[in-house]
Amino acid sequence: MDENDELRFAAEGGQEQQVVFFAPELLQAAQLRSERLEQLREAADSGDRAAAIELALYDIGSLGGEPRNADEAFQLLSQYSEGDPVADYYLAYCYDKGVGTASDPVRAAELLLGAAERGYPPALDTLGYCYENGHGLEKDPEKAAACYRAAAERGHLEAMCNLALLLLRGKGLEKDAERGAALLARAAELRVARARFLLGLCYENGEGVPRDLNKARRLFEQAAQQKHPDGLCALGVLYYHGNGVERDLEKAFSLFLRAAEAGLVRAQYFTGLCCEKGEGTAQNPAEAFRWFLAAAEQGDTRAIWNLGRCFDRGYGTEKDEAQAVVWWRRGAELGDGRSMAYLGVCYENGQGVEKDMEQAIALYEQSAALDNAEGICNLGVLYYYGVGVEENNDKAQELFARAAAQGFPRAQYFLGLMNEAGHGMKRNREEAARLYRAAARQGYIPAIRALGVCYESGIGVEQSFTRAIELYEDAAQHGDERAMRFLANMYYAGRGTEADKEKAAALFRQAAEKGELTAAFNLAHCLENGVGTEKDEAQARLWYERALQGGSEKAAFNLADMYEKGRGGEKNEEKAAQLYERAYALGSKEAARRLGELYQKGRGVKRSRKTADEWLQRAGDRAADSSVRAALTTKAEKPSLLNFWMLRGFGLMFLAVAYWIGNNGLNRHSPDYASIKVALMVGLMVLLCCFSARFYEPPARRRAPRWLHGVIGGVSAAALLAQAADALRAGALSPLELWRMGWLLAIAALALYRALRRGKKQEKE
């Protein structure tokens, strides 16, 4: 839609691909007065052949337009056609166009043959067209040339133009451009507008005559003065490009518009192009769409491709990807390689149609077979990345080179990437820079950015931070978000310019808002630390979340740290643990260490020394074997295992003494009083030590087995039941029995609780 080379003018005879009927009789019939019509009708009713034919021509009206009375015209011509070449000629027109009857090109050709055999020049000319294009007859260029020659010899000027075109093309007879140009010159001297237009093309392109743009312009102007649509359009092309005249886009648009309103398809396409680009007129998407639609409906493949782009982008109409597919499919069916390439993209991405890589590849191959650069390049990209086909750098290089040779910028860019990295070829950074530069000159934004990287890093060119900044700015102004980030890095680090953190932060934000995820991380870092912008940890959280979508390890870690410490929002250690685990999966060893610490302390996760050890091992803080584990234990912790069990033993002894005292009583004068007093004091100290031991107990201490706790709990419960049964039989419960039952209940409950609790904990771990 934005390629200037679409305005190259290629004439195919200046007429649309349809049978052209032309005869002077129709000009006379169109001007009949009402009195004359009544006289003709009366004469026709009385059997006057000439009057009937003249009335039929009036009923047909202008050729190609709406007939005045189709049924009457067909009836009159059918009645008097035999033996009359004029009647046969116009009856053929009725059959070809479906005037008063069903369209029948074969029957039309039969009638033209009859009229031509009787030497009627318009019939000979039209029959030549049928032979040339295979319309109602088998295609035969030689017979077409013979018909045109016969008509031209009889003074038919349109046939003279058609014969000249065959000579210029070498179609149906030996190519003779000079003779063809001479025929056109003869017709042009007779003021035939079409001949002037075609002769102007000969002078423009130097075919059969010396190239002379001034003569071409004068001939186009003469044709335009006669309101010949092709002459108007051809003159518009000269002014559009400034060929032989001073470039004047407004005049070019005016000429295109006049030809477009006259129905010339090429002019409708060019008018749409000017409206779309704002050349010679104000940019007008709706008008561009209207003219592209008008030309596309008549089969202009360039307009069809542009119309698909309008629907795809929502330009001048509502965005409708399905309609874009409809039009690109129509262009592909008409053999347009560009439409094939774009339809392939739709199938590749599932855009407006169900995704189908096989169909996409087939369309790219068809487009490439037509030597369309876009189809060739798209196929190369698939081989480059191994999408839908096996990755093949050699094949990708071959395809990119083919498309790049046509000057296609995207192919030049990819070929530059391959040269820079040495994919499928010997690394050639100088060639990479040259290819980037060639694509950049055509305005291909990724190539402009890539060339900036070359200048920043000295890849294939002399390093120049200043030039890199210029290129990044150019690409950034065209909306390239990666170029925005690269430019921000230059301002942040002060490379090639004075450091400007505020400008860097603004560029990071601009790129991040366009979806550049690395820029989102950089912006979050600036907001978190107040670099180049006001500190805003809440916003930093949001941008880290955005950066995390691209799989950023640092974003996951920083975000986890913010959740763990409650910076920028609510503290959430459970969320922090999840993010640390994700950061580790993305490659962060520090995240594994942080997660191990959370499991050690039971923050945000279930406390588990075993799991903590596993995460610390992954972080490299602990090894799997017990010797390294022991080495990592501090000197103060090494004896804690022995101390723990000694203290536990003294604690149990104190409990036993307390039970004995409760059972037997304590007599101050008893011989055991002193030893019991000492035991009680030691036991009290042991209890305090046991309580303190909870704060530094070793992570790997051994506990009594689960079954032992179960046995102790079961025996204690049985003793408790027996004691309760004795009390029920006695019918009374003494304080001593109550003391014993309380101890049994406490021991049974504690033992059974520890047995059950340890079982569940082992299952979790």
# chains A, B, ... in the order shown; residues from 1 in each chain; ligands from 1
>>> residues_around(residues="A:Ala504", least_positions_apart="2", cutoff="7 Å", atoms="only C-alpha atoms", output="list in words")
Ala488, Asn489, Tyr491, Tyr492, Asp500, Lys501, Glu502, Ala506, Leu507 and Phe508 of chain A
>>> write_last_selection(atoms="all heavy atoms", output="JSON list (two decimals), in the first residue's frame")
[["chain", "number", "residue", "atom", "x", "y", "z"],
["A", 488, "ALA", "N", 17.34, 4.58, 25.37],
["A", 488, "ALA", "CA", 17.28, 4.85, 26.81],
["A", 488, "ALA", "C", 18.56, 4.37, 27.49],
["A", 488, "ALA", "O", 19.10, 5.04, 28.38],
["A", 488, "ALA", "CB", 16.07, 4.15, 27.42],
["A", 489, "ASN", "N", 19.08, 3.21, 27.06],
["A", 489, "ASN", "CA", 20.33, 2.70, 27.64],
["A", 489, "ASN", "C", 21.48, 3.68, 27.40],
["A", 489, "ASN", "O", 22.34, 3.87, 28.27],
["A", 489, "ASN", "CB", 20.67, 1.34, 27.03],
["A", 489, "ASN", "CG", 19.74, 0.24, 27.50],
["A", 489, "ASN", "OD1", 19.09, 0.36, 28.54],
["A", 489, "ASN", "ND2", 19.65, -0.83, 26.74],
["A", 491, "TYR", "N", 21.28, 6.96, 27.04],
["A", 491, "TYR", "CA", 21.11, 8.12, 27.94],
["A", 491, "TYR", "C", 21.39, 7.72, 29.39],
["A", 491, "TYR", "O", 21.93, 8.51, 30.16],
["A", 491, "TYR", "CB", 19.71, 8.70, 27.81],
["A", 491, "TYR", "CG", 19.54, 9.60, 26.60],
["A", 491, "TYR", "CD1", 18.80, 9.20, 25.50],
["A", 491, "TYR", "CD2", 20.15, 10.85, 26.56],
["A", 491, "TYR", "CE1", 18.65, 10.02, 24.39],
["A", 491, "TYR", "CE2", 20.02, 11.68, 25.45],
["A", 491, "TYR", "CZ", 19.26, 11.25, 24.37],
["A", 491, "TYR", "OH", 19.14, 12.07, 23.27],
["A", 492, "TYR", "N", 21.01, 6.52, 29.77],
["A", 492, "TYR", "CA", 21.21, 6.06, 31.15],
["A", 492, "TYR", "C", 22.70, 5.96, 31.47],
["A", 492, "TYR", "O", 23.16, 6.39, 32.53],
["A", 492, "TYR", "CB", 20.55, 4.70, 31.34],
["A", 492, "TYR", "CG", 20.45, 4.24, 32.77],
["A", 492, "TYR", "CD1", 19.32, 4.51, 33.53],
["A", 492, "TYR", "CD2", 21.49, 3.54, 33.37],
["A", 492, "TYR", "CE1", 19.22, 4.09, 34.85],
["A", 492, "TYR", "CE2", 21.41, 3.12, 34.69],
["A", 492, "TYR", "CZ", 20.28, 3.40, 35.42],
["A", 492, "TYR", "OH", 20.19, 2.99, 36.74],
["A", 500, "ASP", "N", 21.54, 11.19, 31.14],
["A", 500, "ASP", "CA", 20.26, 11.85, 31.42],
["A", 500, "ASP", "C", 19.28, 10.79, 31.90],
["A", 500, "ASP", "O", 18.58, 10.16, 31.11],
["A", 500, "ASP", "CB", 19.75, 12.54, 30.16],
["A", 500, "ASP", "CG", 18.54, 13.44, 30.43],
["A", 500, "ASP", "OD1", 17.86, 13.20, 31.44],
["A", 500, "ASP", "OD2", 18.28, 14.35, 29.63],
["A", 501, "LYS", "N", 19.29, 10.56, 33.22],
["A", 501, "LYS", "CA", 18.46, 9.49, 33.80],
["A", 501, "LYS", "C", 16.97, 9.76, 33.59],
["A", 501, "LYS", "O", 16.19, 8.83, 33.38],
["A", 501, "LYS", "CB", 18.73, 9.36, 35.30],
["A", 501, "LYS", "CG", 20.19, 9.19, 35.68],
["A", 501, "LYS", "CD", 20.73, 7.83, 35.34],
["A", 501, "LYS", "CE", 22.13, 7.65, 35.90],
["A", 501, "LYS", "NZ", 22.75, 6.40, 35.53],
["A", 502, "GLU", "N", 16.58, 11.02, 33.64],
["A", 502, "GLU", "CA", 15.16, 11.35, 33.47],
["A", 502, "GLU", "C", 14.70, 10.99, 32.05],
["A", 502, "GLU", "O", 13.63, 10.40, 31.86],
["A", 502, "GLU", "CB", 14.93, 12.83, 33.75],
["A", 502, "GLU", "CG", 15.08, 13.20, 35.21],
["A", 502, "GLU", "CD", 14.74, 14.66, 35.47],
["A", 502, "GLU", "OE1", 14.32, 15.35, 34.51],
["A", 502, "GLU", "OE2", 14.90, 15.11, 36.62],
["A", 506, "ALA", "N", 12.01, 8.08, 30.94],
["A", 506, "ALA", "CA", 10.86, 8.39, 30.07],
["A", 506, "ALA", "C", 10.83, 7.47, 28.85],
["A", 506, "ALA", "O", 9.76, 7.01, 28.44],
["A", 506, "ALA", "CB", 10.93, 9.85, 29.63],
["A", 507, "LEU", "N", 12.01, 7.20, 28.29],
["A", 507, "LEU", "CA", 12.07, 6.30, 27.13],
["A", 507, "LEU", "C", 11.76, 4.86, 27.53],
["A", 507, "LEU", "O", 11.10, 4.13, 26.79],
["A", 507, "LEU", "CB", 13.45, 6.39, 26.48],
["A", 507, "LEU", "CG", 13.69, 7.64, 25.63],
["A", 507, "LEU", "CD1", 15.18, 7.84, 25.37],
["A", 507, "LEU", "CD2", 12.93, 7.54, 24.31],
["A", 508, "PHE", "N", 12.23, 4.45, 28.72],
["A", 508, "PHE", "CA", 11.89, 3.11, 29.20],
["A", 508, "PHE", "C", 10.36, 2.98, 29.33],
["A", 508, "PHE", "O", 9.77, 1.97, 28.95],
["A", 508, "PHE", "CB", 12.54, 2.83, 30.55],
["A", 508, "PHE", "CG", 14.01, 2.50, 30.49],
["A", 508, "PHE", "CD1", 14.90, 2.99, 31.45],
["A", 508, "PHE", "CD2", 14.51, 1.69, 29.48],
["A", 508, "PHE", "CE1", 16.25, 2.68, 31.40],
["A", 508, "PHE", "CE2", 15.87, 1.37, 29.43],
["A", 508, "PHE", "CZ", 16.73, 1.88, 30.38]]
>>> residues_around(residues="A:Ala612", least_positions_apart="6", cutoff="10 Å", atoms="only C-alpha atoms", output="ChimeraX atom specification")
/A:592-602,618
>>> closest_residue(among="A:Val99, A:Val192, A:Leu173, A:Ile376", to="A:Leu363", atoms="only C-alpha atoms")
A:Ile376
>>> residues_around(residues="A:Gln268", least_positions_apart="2", cutoff="9 Å", atoms="only C-alpha atoms", output="PDB file with all heavy atoms, in the first residue's frame")
ATOM      1  N   PHE A 256      -5.681  11.783 -12.316  1.00  0.00           N
ATOM      2  CA  PHE A 256      -6.099  10.442 -11.896  1.00  0.00           C
ATOM      3  C   PHE A 256      -7.592  10.431 -11.571  1.00  0.00           C
ATOM      4  O   PHE A 256      -8.322   9.503 -11.948  1.00  0.00           O
ATOM      5  CB  PHE A 256      -5.313   9.994 -10.659  1.00  0.00           C
ATOM      6  CG  PHE A 256      -3.870   9.662 -10.908  1.00  0.00           C
ATOM      7  CD1 PHE A 256      -2.916   9.878  -9.920  1.00  0.00           C
ATOM      8  CD2 PHE A 256      -3.463   9.125 -12.116  1.00  0.00           C
ATOM      9  CE1 PHE A 256      -1.581   9.572 -10.134  1.00  0.00           C
ATOM     10  CE2 PHE A 256      -2.122   8.809 -12.341  1.00  0.00           C
ATOM     11  CZ  PHE A 256      -1.186   9.034 -11.347  1.00  0.00           C
ATOM     12  N   LEU A 257      -8.041  11.468 -10.858  1.00  0.00           N
ATOM     13  CA  LEU A 257      -9.436  11.522 -10.435  1.00  0.00           C
ATOM     14  C   LEU A 257     -10.372  11.605 -11.638  1.00  0.00           C
ATOM     15  O   LEU A 257     -11.410  10.925 -11.681  1.00  0.00           O
ATOM     16  CB  LEU A 257      -9.641  12.719  -9.501  1.00  0.00           C
ATOM     17  CG  LEU A 257     -11.040  12.872  -8.900  1.00  0.00           C
ATOM     18  CD1 LEU A 257     -11.416  11.653  -8.066  1.00  0.00           C
ATOM     19  CD2 LEU A 257     -11.118  14.142  -8.045  1.00  0.00           C
ATOM     20  N   ALA A 259      -9.837  10.499 -14.679  1.00  0.00           N
ATOM     21  CA  ALA A 259      -9.849   9.194 -15.341  1.00  0.00           C
ATOM     22  C   ALA A 259     -10.602   8.160 -14.504  1.00  0.00           C
ATOM     23  O   ALA A 259     -11.315   7.305 -15.050  1.00  0.00           O
ATOM     24  CB  ALA A 259      -8.418   8.724 -15.589  1.00  0.00           C
ATOM     25  N   ALA A 260     -10.464   8.250 -13.188  1.00  0.00           N
ATOM     26  CA  ALA A 260     -11.153   7.306 -12.301  1.00  0.00           C
ATOM     27  C   ALA A 260     -12.659   7.488 -12.397  1.00  0.00           C
ATOM     28  O   ALA A 260     -13.422   6.512 -12.446  1.00  0.00           O
ATOM     29  CB  ALA A 260     -10.680   7.505 -10.862  1.00  0.00           C
ATOM     30  N   GLU A 261     -13.105   8.733 -12.432  1.00  0.00           N
ATOM     31  CA  GLU A 261     -14.545   9.001 -12.537  1.00  0.00           C
ATOM     32  C   GLU A 261     -15.100   8.563 -13.887  1.00  0.00           C
ATOM     33  O   GLU A 261     -16.301   8.305 -14.015  1.00  0.00           O
ATOM     34  CB  GLU A 261     -14.800  10.487 -12.304  1.00  0.00           C
ATOM     35  CG  GLU A 261     -14.581  10.900 -10.846  1.00  0.00           C
ATOM     36  CD  GLU A 261     -14.641  12.400 -10.644  1.00  0.00           C
ATOM     37  OE1 GLU A 261     -14.531  13.136 -11.661  1.00  0.00           O
ATOM     38  OE2 GLU A 261     -14.785  12.835  -9.485  1.00  0.00           O
ATOM     39  N   GLY A 263     -14.219   5.787 -15.113  1.00  0.00           N
ATOM     40  CA  GLY A 263     -14.316   4.332 -14.997  1.00  0.00           C
ATOM     41  C   GLY A 263     -13.038   3.572 -15.274  1.00  0.00           C
ATOM     42  O   GLY A 263     -13.058   2.335 -15.302  1.00  0.00           O
ATOM     43  N   LEU A 264     -11.902   4.245 -15.474  1.00  0.00           N
ATOM     44  CA  LEU A 264     -10.650   3.541 -15.749  1.00  0.00           C
ATOM     45  C   LEU A 264     -10.134   2.906 -14.459  1.00  0.00           C
ATOM     46  O   LEU A 264      -9.859   3.602 -13.477  1.00  0.00           O
ATOM     47  CB  LEU A 264      -9.604   4.507 -16.315  1.00  0.00           C
ATOM     48  CG  LEU A 264      -8.288   3.846 -16.753  1.00  0.00           C
ATOM     49  CD1 LEU A 264      -8.512   2.952 -17.965  1.00  0.00           C
ATOM     50  CD2 LEU A 264      -7.234   4.900 -17.058  1.00  0.00           C
ATOM     51  N   VAL A 265      -9.961   1.597 -14.493  1.00  0.00           N
ATOM     52  CA  VAL A 265      -9.622   0.857 -13.280  1.00  0.00           C
ATOM     53  C   VAL A 265      -8.262   1.274 -12.728  1.00  0.00           C
ATOM     54  O   VAL A 265      -8.110   1.501 -11.517  1.00  0.00           O
ATOM     55  CB  VAL A 265      -9.650  -0.664 -13.562  1.00  0.00           C
ATOM     56  CG1 VAL A 265      -9.189  -1.438 -12.336  1.00  0.00           C
ATOM     57  CG2 VAL A 265     -11.047  -1.098 -13.956  1.00  0.00           C
ATOM     58  N   ARG A 266      -7.256   1.392 -13.617  1.00  0.00           N
ATOM     59  CA  ARG A 266      -5.925   1.777 -13.134  1.00  0.00           C
ATOM     60  C   ARG A 266      -5.966   3.132 -12.446  1.00  0.00           C
ATOM     61  O   ARG A 266      -5.320   3.350 -11.428  1.00  0.00           O
ATOM     62  CB  ARG A 266      -4.934   1.826 -14.306  1.00  0.00           C
ATOM     63  CG  ARG A 266      -4.526   0.476 -14.827  1.00  0.00           C
ATOM     64  CD  ARG A 266      -3.363   0.608 -15.806  1.00  0.00           C
ATOM     65  NE  ARG A 266      -3.694   1.460 -16.947  1.00  0.00           N
ATOM     66  CZ  ARG A 266      -4.355   1.048 -18.033  1.00  0.00           C
ATOM     67  NH1 ARG A 266      -4.779  -0.197 -18.092  1.00  0.00           N
ATOM     68  NH2 ARG A 266      -4.600   1.860 -19.033  1.00  0.00           N
ATOM     69  N   PHE A 270      -4.823   4.319  -8.647  1.00  0.00           N
ATOM     70  CA  PHE A 270      -3.891   5.404  -8.360  1.00  0.00           C
ATOM     71  C   PHE A 270      -4.542   6.495  -7.512  1.00  0.00           C
ATOM     72  O   PHE A 270      -3.908   7.096  -6.641  1.00  0.00           O
ATOM     73  CB  PHE A 270      -3.357   6.013  -9.661  1.00  0.00           C
ATOM     74  CG  PHE A 270      -2.486   5.076 -10.451  1.00  0.00           C
ATOM     75  CD1 PHE A 270      -2.532   5.082 -11.833  1.00  0.00           C
ATOM     76  CD2 PHE A 270      -1.638   4.197  -9.821  1.00  0.00           C
ATOM     77  CE1 PHE A 270      -1.734   4.221 -12.573  1.00  0.00           C
ATOM     78  CE2 PHE A 270      -0.834   3.330 -10.550  1.00  0.00           C
ATOM     79  CZ  PHE A 270      -0.881   3.340 -11.936  1.00  0.00           C
ATOM     80  N   THR A 271      -5.835   6.760  -7.769  1.00  0.00           N
ATOM     81  CA  THR A 271      -6.554   7.762  -6.975  1.00  0.00           C
ATOM     82  C   THR A 271      -6.621   7.318  -5.518  1.00  0.00           C
ATOM     83  O   THR A 271      -6.398   8.107  -4.593  1.00  0.00           O
ATOM     84  CB  THR A 271      -7.967   7.984  -7.535  1.00  0.00           C
ATOM     85  OG1 THR A 271      -7.871   8.386  -8.906  1.00  0.00           O
ATOM     86  CG2 THR A 271      -8.704   9.056  -6.750  1.00  0.00           C
ATOM     87  N   GLY A 272      -6.936   6.044  -5.314  1.00  0.00           N
ATOM     88  CA  GLY A 272      -6.960   5.511  -3.949  1.00  0.00           C
ATOM     89  C   GLY A 272      -5.615   5.609  -3.280  1.00  0.00           C
ATOM     90  O   GLY A 272      -5.505   5.947  -2.089  1.00  0.00           O
ATOM     91  N   LEU A 273      -4.540   5.359  -4.036  1.00  0.00           N
ATOM     92  CA  LEU A 273      -3.190   5.422  -3.490  1.00  0.00           C
ATOM     93  C   LEU A 273      -2.846   6.845  -3.045  1.00  0.00           C
ATOM     94  O   LEU A 273      -2.260   7.050  -1.978  1.00  0.00           O
ATOM     95  CB  LEU A 273      -2.195   4.941  -4.544  1.00  0.00           C
ATOM     96  CG  LEU A 273      -0.862   4.403  -4.052  1.00  0.00           C
ATOM     97  CD1 LEU A 273      -1.059   3.197  -3.154  1.00  0.00           C
ATOM     98  CD2 LEU A 273       0.019   4.036  -5.238  1.00  0.00           C
ATOM     99  N   TRP A 291     -12.042   4.067  -3.446  1.00  0.00           N
ATOM    100  CA  TRP A 291     -11.457   3.879  -4.775  1.00  0.00           C
ATOM    101  C   TRP A 291     -10.776   2.522  -4.909  1.00  0.00           C
ATOM    102  O   TRP A 291     -10.832   1.901  -5.974  1.00  0.00           O
ATOM    103  CB  TRP A 291     -10.484   5.012  -5.085  1.00  0.00           C
ATOM    104  CG  TRP A 291     -11.191   6.298  -5.405  1.00  0.00           C
ATOM    105  CD1 TRP A 291     -11.190   7.446  -4.681  1.00  0.00           C
ATOM    106  CD2 TRP A 291     -12.032   6.556  -6.541  1.00  0.00           C
ATOM    107  NE1 TRP A 291     -11.965   8.409  -5.268  1.00  0.00           N
ATOM    108  CE2 TRP A 291     -12.495   7.893  -6.428  1.00  0.00           C
ATOM    109  CE3 TRP A 291     -12.444   5.797  -7.635  1.00  0.00           C
ATOM    110  CZ2 TRP A 291     -13.340   8.473  -7.369  1.00  0.00           C
ATOM    111  CZ3 TRP A 291     -13.284   6.379  -8.577  1.00  0.00           C
ATOM    112  CH2 TRP A 291     -13.722   7.698  -8.441  1.00  0.00           C
ATOM    113  N   PHE A 292     -10.151   2.054  -3.838  1.00  0.00           N
ATOM    114  CA  PHE A 292      -9.573   0.702  -3.898  1.00  0.00           C
ATOM    115  C   PHE A 292     -10.678  -0.335  -4.131  1.00  0.00           C
ATOM    116  O   PHE A 292     -10.504  -1.282  -4.899  1.00  0.00           O
ATOM    117  CB  PHE A 292      -8.829   0.378  -2.602  1.00  0.00           C
ATOM    118  CG  PHE A 292      -7.499   1.055  -2.459  1.00  0.00           C
ATOM    119  CD1 PHE A 292      -7.049   1.492  -1.219  1.00  0.00           C
ATOM    120  CD2 PHE A 292      -6.676   1.254  -3.556  1.00  0.00           C
ATOM    121  CE1 PHE A 292      -5.823   2.119  -1.081  1.00  0.00           C
ATOM    122  CE2 PHE A 292      -5.440   1.885  -3.435  1.00  0.00           C
ATOM    123  CZ  PHE A 292      -5.020   2.313  -2.188  1.00  0.00           C
ATOM    124  N   LEU A 293     -11.807  -0.138  -3.452  1.00  0.00           N
ATOM    125  CA  LEU A 293     -12.927  -1.061  -3.614  1.00  0.00           C
ATOM    126  C   LEU A 293     -13.445  -1.040  -5.048  1.00  0.00           C
ATOM    127  O   LEU A 293     -13.718  -2.093  -5.648  1.00  0.00           O
ATOM    128  CB  LEU A 293     -14.043  -0.701  -2.632  1.00  0.00           C
ATOM    129  CG  LEU A 293     -15.313  -1.556  -2.691  1.00  0.00           C
ATOM    130  CD1 LEU A 293     -14.996  -3.015  -2.381  1.00  0.00           C
ATOM    131  CD2 LEU A 293     -16.372  -1.021  -1.721  1.00  0.00           C
ATOM    132  N   ALA A 294     -13.577   0.161  -5.621  1.00  0.00           N
ATOM    133  CA  ALA A 294     -14.073   0.282  -6.995  1.00  0.00           C
ATOM    134  C   ALA A 294     -13.160  -0.454  -7.974  1.00  0.00           C
ATOM    135  O   ALA A 294     -13.632  -1.172  -8.869  1.00  0.00           O
ATOM    136  CB  ALA A 294     -14.180   1.758  -7.376  1.00  0.00           C
ATOM    137  N   ALA A 295     -11.848  -0.292  -7.815  1.00  0.00           N
ATOM    138  CA  ALA A 295     -10.904  -0.955  -8.718  1.00  0.00           C
ATOM    139  C   ALA A 295     -10.839  -2.450  -8.441  1.00  0.00           C
ATOM    140  O   ALA A 295     -10.743  -3.268  -9.373  1.00  0.00           O
ATOM    141  CB  ALA A 295      -9.519  -0.332  -8.566  1.00  0.00           C
ATOM    142  N   ALA A 303      -5.172  -3.217  -6.460  1.00  0.00           N
ATOM    143  CA  ALA A 303      -6.244  -2.657  -5.622  1.00  0.00           C
ATOM    144  C   ALA A 303      -6.782  -3.717  -4.669  1.00  0.00           C
ATOM    145  O   ALA A 303      -7.108  -3.423  -3.519  1.00  0.00           O
ATOM    146  CB  ALA A 303      -7.364  -2.117  -6.505  1.00  0.00           C
TER     147      ALA A 303
END
>>> residues_around(residues="stretch 246-252 of chain A", least_positions_apart="5", cutoff="8 Å", atoms="only C-alpha atoms", output="PyMOL selection string")
chain A and resi 235-241+279-281
>>> write_last_selection(atoms="N, CA and C atoms", output="CSV table (one decimal), in the first residue's frame")
chain,number,residue,atom,x,y,z
A,235,LEU,N,-0.8,10.8,-18.4
A,235,LEU,CA,-0.3,12.2,-18.1
A,235,LEU,C,-0.1,12.4,-16.6
A,236,GLY,N,-1.1,11.8,-15.9
A,236,GLY,CA,-1.0,11.9,-14.4
A,236,GLY,C,0.3,11.2,-13.9
A,237,VAL,N,0.6,10.1,-14.5
A,237,VAL,CA,1.8,9.3,-14.1
A,237,VAL,C,3.1,10.2,-14.3
A,238,LEU,N,3.1,10.9,-15.5
A,238,LEU,CA,4.3,11.7,-15.7
A,238,LEU,C,4.4,12.8,-14.6
A,239,TYR,N,3.3,13.5,-14.3
A,239,TYR,CA,3.4,14.5,-13.3
A,239,TYR,C,3.7,13.9,-11.9
A,240,TYR,N,3.2,12.7,-11.6
A,240,TYR,CA,3.4,12.1,-10.3
A,240,TYR,C,4.9,11.8,-10.1
A,241,HIS,N,5.6,11.3,-11.2
A,241,HIS,CA,7.0,11.0,-11.0
A,241,HIS,C,7.9,12.1,-11.4
A,279,GLU,N,-1.1,12.4,-1.1
A,279,GLU,CA,-0.2,13.0,-2.2
A,279,GLU,C,-1.1,13.7,-3.2
A,280,GLY,N,-0.9,15.0,-3.3
A,280,GLY,CA,-1.7,15.8,-4.2
A,280,GLY,C,-3.1,16.1,-3.7
A,281,THR,N,-3.4,15.6,-2.5
A,281,THR,CA,-4.7,15.8,-1.9
A,281,THR,C,-4.6,15.5,-0.4
>>> select_by_dssp(residues="stretch 235-483 of chain A", states="alpha helix (DSSP H)", output="PyMOL selection string")
chain A and resi 235-241+249-261+265-277+285-296+301-313+321-333+337-349+357-369+373-385+393-405+409-421+429-441+445-457+465-477+481-483
>>> atom_distance(atom1="atom CA of A:Gly136", atom2="atom CA of A:Ile304")
27.4 Å
>>> residues_around(residues="A:Gly604", least_positions_apart="3", cutoff="7 Å", atoms="only C-alpha atoms", output="MDAnalysis selection string")
chainID A and resid 573:574 577 598
>>> closest_residue(among="A:Cys274, A:Leu738, A:Ala751, A:Ala483", to="A:Glu516", atoms="only C-alpha atoms")
A:Ala483
>>> residues_around(residues="A:Ala145", least_positions_apart="2", cutoff="7 Å", atoms="only C-alpha atoms", output="VMD selection string")
chain A and resid 128 141 to 143 147 to 149 163 172
>>> residues_around(residues="A:Tyr80", least_positions_apart="5", cutoff="12 Å", atoms="only C-alpha atoms", output="PyMOL selection string")
chain A and resi 44+47-56+73-75+85-91
>>> atom_distance(atom1="atom CA of A:Arg313", atom2="atom CA of A:Glu365")
25.1 Å
